[in-house]
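Each remark here refers to the structure printed beneath this line.
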Amino acid sequence: LKDGTFAFAVEINEPQYATISYSRNKTMVYLEPNDTLAILSDGNSFPHSVSFSGRGGANNRYVYKYLAENPKELNPFKKIQYKKGTYWFTLDPEIDQMMKNNHPEAFKKKMLIKKEKALLDLDFNMANNPGVLSPSFREFMATEIIYDWAYHVLLYGSVFKNKHGLTESYFSFLDEVPIQNESVGNYRYRDFLMAYLNFLVMKNNYQSEYPYLRQYEYATNLLSVRA
C-alpha cells in the first residue's frame, strides 16, 4: 500500500524460524501454525527498530531479545565450516574463536553456563508472565537452547579430538541429550541429529562402508515416526 504496509500469508506445519530480509539486512522471526504476526520497522534502521504485535507478538519480542544476547550470523558466506566424515559442521565465527581459544573443559563449561542461563531466563519469563508466551513457543525455545549446546559441544569434540587427545569420556554429555524430539521444525535440532548420526558412524568405523546407509539404519532405530 501507499503507506508502506503490506501483508502476506504462508502455510506452515511446524513451529519454526523464518528470515525477514530488507535490503542487505536480515532478522529472524518465529512462526507457528495459525499464527498472526504484525511487524513494524523503520527501513532506515532495520532490523534495529523492529516491534511486534498480533497473536505472535509476545513470542517474537522474546526471540528478538534472545537473539540480541545470542546473535546468529545470517550471512552463509561468513560462517565457518568443518567436515568430519560425511557431515559439514557450520558455525558462527564467534563460536569458532571460542573453540580455538579454550581447552575442552573450559569450552564445555562456557557452553553449559550459556545453556543454563538461557533455560532459566525462559522459565522465569513463563512463570512470571503466565499465558503470554505460547506453550509451543516454550517447547521450541527449549529445543533451540538444548540442541545449540549439544551441537557445539559435539562439534568441538569432533574437530579437536586429535589435537587435545580427547577420550570417549568427553562425549559422555551425549547421554543427557534426548535424541527424540517433537520440535522437528527447529533447525538446530535437525543439525544436531545429522551430526550425531555421523558421529555414531565414525565412532564405529563405518565411514568407508556405505556411511549414509549406516546413518539411515541408526536413524531408523533411534527415531519414531509421528502419526
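Residue numbering restarts at 1 in every chain; chains get A, B, ... in the order shown in the C-alpha cells, and ligands count up from 1 in that same order.
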
With a distance cut-off of 8 Å and only C-alpha atoms, select the neighbouring residues of segment 61-77 of chain A, excluding the residue or stretch itself and same-chain residues fewer than 2 positions from it, and output the selection as a PyMOL selection string.
chain A and resi 26-30+51-52+57-59+79+92

Check which residues of segment 133-200 of chain A sit at most 9 Å from segment 207-223 of chain A using only C-alpha atoms, and return one row each with the closest pair of atoms and their distance in Å to one decimal, ordered by chain and rising number, as CSV.
```
residue,atom,partner,partner_atom,distance
A:Ile179,CA,A:Leu222,CA,7.1
A:Gln180,CA,A:Leu223,CA,5.9
A:Asn181,CA,A:Leu223,CA,8.9
A:Leu193,CA,A:Ala219,CA,8.8
A:Met194,CA,A:Gln215,CA,8.4
A:Leu197,CA,A:Gln215,CA,5.4
A:Asn198,CA,A:Gln215,CA,6.5
A:Leu200,CA,A:Gln215,CA,7.8
```

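Here atom CA of Leu91 of chain A and atom CA of Tyr187 of chain A stand 13.0 Å from one another.
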
Select, from A:Tyr170, A:Ser224, A:Arg55, A:Leu31, the residue with the minimum atom-to-atom distance to Thr19 of chain A, counting only C-alpha atoms.
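Among the listed residues, the smallest separation from Thr19 of chain A belongs to A:Leu31.
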
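The residue set within 9 Å of segment 94-101 of chain A, counting only C-alpha atoms and dropping same-chain residues fewer than 6 places from it, reads A:Ile80, A:Phe107, A:His152, A:Tyr156, A:Phe160.
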
Selection from above, C-alpha atoms, as a compact mmCIF listing (two decimals), in the first residue's frame, can you write it?
```
# COMPACT_ATOMS: atom_id res chain seq x y z
CA ILE A 80 32.89 -21.32 9.31
CA PHE A 107 34.75 -24.68 26.41
CA HIS A 152 28.51 -27.06 19.54
CA TYR A 156 34.26 -29.17 19.40
CA PHE A 160 39.59 -31.07 18.14
```

Give me the residues within 12 Å of Arg190 of chain A as a ChimeraX atom specification, counting only C-alpha atoms and dropping any in the same chain fewer than 5 places off.
/A:16,143-144,147-148,150-151,179-185,195-197,219

Next, dump the selected residues to file, keeping only C-alpha atoms, as a short mmCIF file (atom, residue, chain, number, x, y, z; two decimals), in the first residue's frame.
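Result file follows (selection_30.cif):
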```cif
data_model
loop_
_atom_site.label_atom_id
_atom_site.label_comp_id
_atom_site.auth_asym_id
_atom_site.auth_seq_id
_atom_site.Cartn_x
_atom_site.Cartn_y
_atom_site.Cartn_z
CA GLN A 16 9.92 -22.61 13.06
CA THR A 143 14.78 -27.23 21.96
CA GLU A 144 16.75 -24.34 20.46
CA TYR A 147 20.47 -28.57 20.94
CA ASP A 148 22.51 -25.43 20.33
CA ALA A 150 24.74 -30.16 22.29
CA TYR A 151 25.60 -29.33 18.66
CA ILE A 179 17.53 -37.99 20.60
CA GLN A 180 13.78 -37.99 20.03
CA ASN A 181 12.21 -34.51 19.99
CA GLU A 182 8.87 -33.22 18.75
CA SER A 183 10.22 -29.85 17.61
CA VAL A 184 11.29 -31.07 14.19
CA GLY A 185 10.77 -27.57 12.80
CA ALA A 195 25.84 -34.52 13.27
CA TYR A 196 25.05 -37.17 15.88
CA LEU A 197 24.25 -39.84 13.27
CA ALA A 219 18.03 -43.13 12.47
#
```

Please list as a list of chain:residue names every residue within 10 Å of Lys84 of chain A, counting only C-alpha atoms and excluding residues in the same chain fewer than 2 positions away.
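Once the nearby chain positions are removed, what remains is A:Gln81, A:Tyr82, A:Thr86, A:Tyr87, A:Trp88, A:Phe89, A:Leu155, A:Ser158, A:Val159, A:Ala195, A:Asn198, A:Phe199, A:Met202, A:Gln207.
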
Same residues, all heavy atoms, output as a compact mmCIF listing (two decimals), in the first residue's frame:
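Output saved as again_22.txt:
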```txt
# COMPACT_ATOMS: atom_id res chain seq x y z
N GLN A 81 33.12 -23.56 8.39
CA GLN A 81 32.72 -24.95 8.20
C GLN A 81 33.88 -25.90 8.50
O GLN A 81 35.04 -25.59 8.23
CB GLN A 81 32.24 -25.18 6.77
CG GLN A 81 30.89 -24.55 6.45
CD GLN A 81 30.36 -25.00 5.10
OE1 GLN A 81 31.08 -25.01 4.11
NE2 GLN A 81 29.09 -25.39 5.06
N TYR A 82 33.53 -27.04 9.08
CA TYR A 82 34.47 -28.14 9.30
C TYR A 82 33.80 -29.42 8.83
O TYR A 82 32.65 -29.69 9.18
CB TYR A 82 34.82 -28.28 10.78
CG TYR A 82 35.60 -27.13 11.37
CD1 TYR A 82 34.95 -26.11 12.07
CD2 TYR A 82 36.99 -27.07 11.27
CE1 TYR A 82 35.66 -25.06 12.63
CE2 TYR A 82 37.71 -26.03 11.83
CZ TYR A 82 37.04 -25.02 12.51
OH TYR A 82 37.75 -23.99 13.06
N THR A 86 31.00 -37.55 6.76
CA THR A 86 30.19 -37.04 5.65
C THR A 86 29.51 -35.73 6.00
O THR A 86 28.81 -35.16 5.17
CB THR A 86 29.10 -38.05 5.25
OG1 THR A 86 28.21 -38.26 6.37
CG2 THR A 86 29.71 -39.38 4.84
N TYR A 87 29.72 -35.24 7.24
CA TYR A 87 28.94 -34.08 7.71
C TYR A 87 29.79 -32.81 7.72
O TYR A 87 30.94 -32.82 8.16
CB TYR A 87 28.41 -34.36 9.11
CG TYR A 87 27.49 -33.26 9.61
CD1 TYR A 87 26.19 -33.14 9.12
CD2 TYR A 87 27.92 -32.33 10.56
CE1 TYR A 87 25.35 -32.14 9.55
CE2 TYR A 87 27.09 -31.33 10.99
CZ TYR A 87 25.81 -31.23 10.49
OH TYR A 87 24.98 -30.22 10.91
N TRP A 88 29.18 -31.71 7.25
CA TRP A 88 29.79 -30.39 7.32
C TRP A 88 29.20 -29.64 8.52
O TRP A 88 28.05 -29.24 8.50
CB TRP A 88 29.53 -29.59 6.05
CG TRP A 88 30.38 -29.97 4.88
CD1 TRP A 88 30.08 -30.84 3.88
CD2 TRP A 88 31.70 -29.49 4.61
NE1 TRP A 88 31.11 -30.95 2.98
CE2 TRP A 88 32.13 -30.11 3.41
CE3 TRP A 88 32.56 -28.59 5.24
CZ2 TRP A 88 33.38 -29.86 2.84
CZ3 TRP A 88 33.80 -28.35 4.67
CH2 TRP A 88 34.20 -28.98 3.49
N PHE A 89 30.01 -29.48 9.58
CA PHE A 89 29.60 -28.63 10.69
C PHE A 89 29.66 -27.17 10.23
O PHE A 89 30.61 -26.77 9.55
CB PHE A 89 30.55 -28.78 11.88
CG PHE A 89 30.36 -30.04 12.67
CD1 PHE A 89 31.17 -31.15 12.45
CD2 PHE A 89 29.38 -30.11 13.65
CE1 PHE A 89 31.00 -32.30 13.19
CE2 PHE A 89 29.21 -31.26 14.40
CZ PHE A 89 30.02 -32.36 14.17
N LEU A 155 30.49 -30.63 18.15
CA LEU A 155 31.35 -30.05 17.12
C LEU A 155 32.78 -29.93 17.63
O LEU A 155 33.73 -30.35 16.96
CB LEU A 155 30.79 -28.68 16.71
CG LEU A 155 31.37 -27.95 15.49
CD1 LEU A 155 30.44 -26.81 15.07
CD2 LEU A 155 32.76 -27.40 15.72
N SER A 158 34.45 -33.28 17.94
CA SER A 158 34.72 -33.89 16.64
C SER A 158 35.91 -33.23 15.95
O SER A 158 36.74 -33.91 15.34
CB SER A 158 33.47 -33.80 15.76
OG SER A 158 32.38 -34.49 16.33
N VAL A 159 35.98 -31.90 16.04
CA VAL A 159 37.02 -31.15 15.33
C VAL A 159 38.36 -31.23 16.05
O VAL A 159 39.42 -31.37 15.41
CB VAL A 159 36.59 -29.68 15.15
CG1 VAL A 159 37.74 -28.84 14.61
CG2 VAL A 159 35.39 -29.59 14.23
N ALA A 195 24.47 -34.43 12.76
CA ALA A 195 25.84 -34.52 13.27
C ALA A 195 26.00 -35.74 14.18
O ALA A 195 27.05 -36.41 14.16
CB ALA A 195 26.20 -33.24 14.03
N ASN A 198 26.19 -38.95 12.12
CA ASN A 198 27.54 -39.02 11.54
C ASN A 198 28.56 -39.44 12.60
O ASN A 198 29.47 -40.23 12.33
CB ASN A 198 27.91 -37.65 10.96
CG ASN A 198 29.31 -37.63 10.37
OD1 ASN A 198 29.59 -38.23 9.36
ND2 ASN A 198 30.21 -36.92 11.05
N PHE A 199 28.42 -38.91 13.82
CA PHE A 199 29.31 -39.27 14.93
C PHE A 199 29.24 -40.76 15.22
O PHE A 199 30.28 -41.42 15.42
CB PHE A 199 28.92 -38.46 16.17
CG PHE A 199 29.54 -38.94 17.45
CD1 PHE A 199 30.85 -38.64 17.75
CD2 PHE A 199 28.80 -39.70 18.35
CE1 PHE A 199 31.44 -39.09 18.94
CE2 PHE A 199 29.36 -40.14 19.53
CZ PHE A 199 30.68 -39.84 19.82
N MET A 202 31.12 -42.71 12.52
CA MET A 202 32.56 -42.57 12.66
C MET A 202 33.07 -43.32 13.88
O MET A 202 34.13 -43.95 13.83
CB MET A 202 32.94 -41.09 12.74
CG MET A 202 32.68 -40.30 11.48
SD MET A 202 33.35 -38.63 11.56
CE MET A 202 35.11 -38.96 11.56
N GLN A 207 32.68 -45.25 8.35
CA GLN A 207 32.67 -44.14 7.42
C GLN A 207 33.03 -44.53 5.99
O GLN A 207 32.64 -43.86 5.04
CB GLN A 207 33.57 -42.99 7.90
CG GLN A 207 35.03 -43.37 8.06
CD GLN A 207 35.36 -43.75 9.48
OE1 GLN A 207 34.53 -44.34 10.16
NE2 GLN A 207 36.55 -43.40 9.94
```
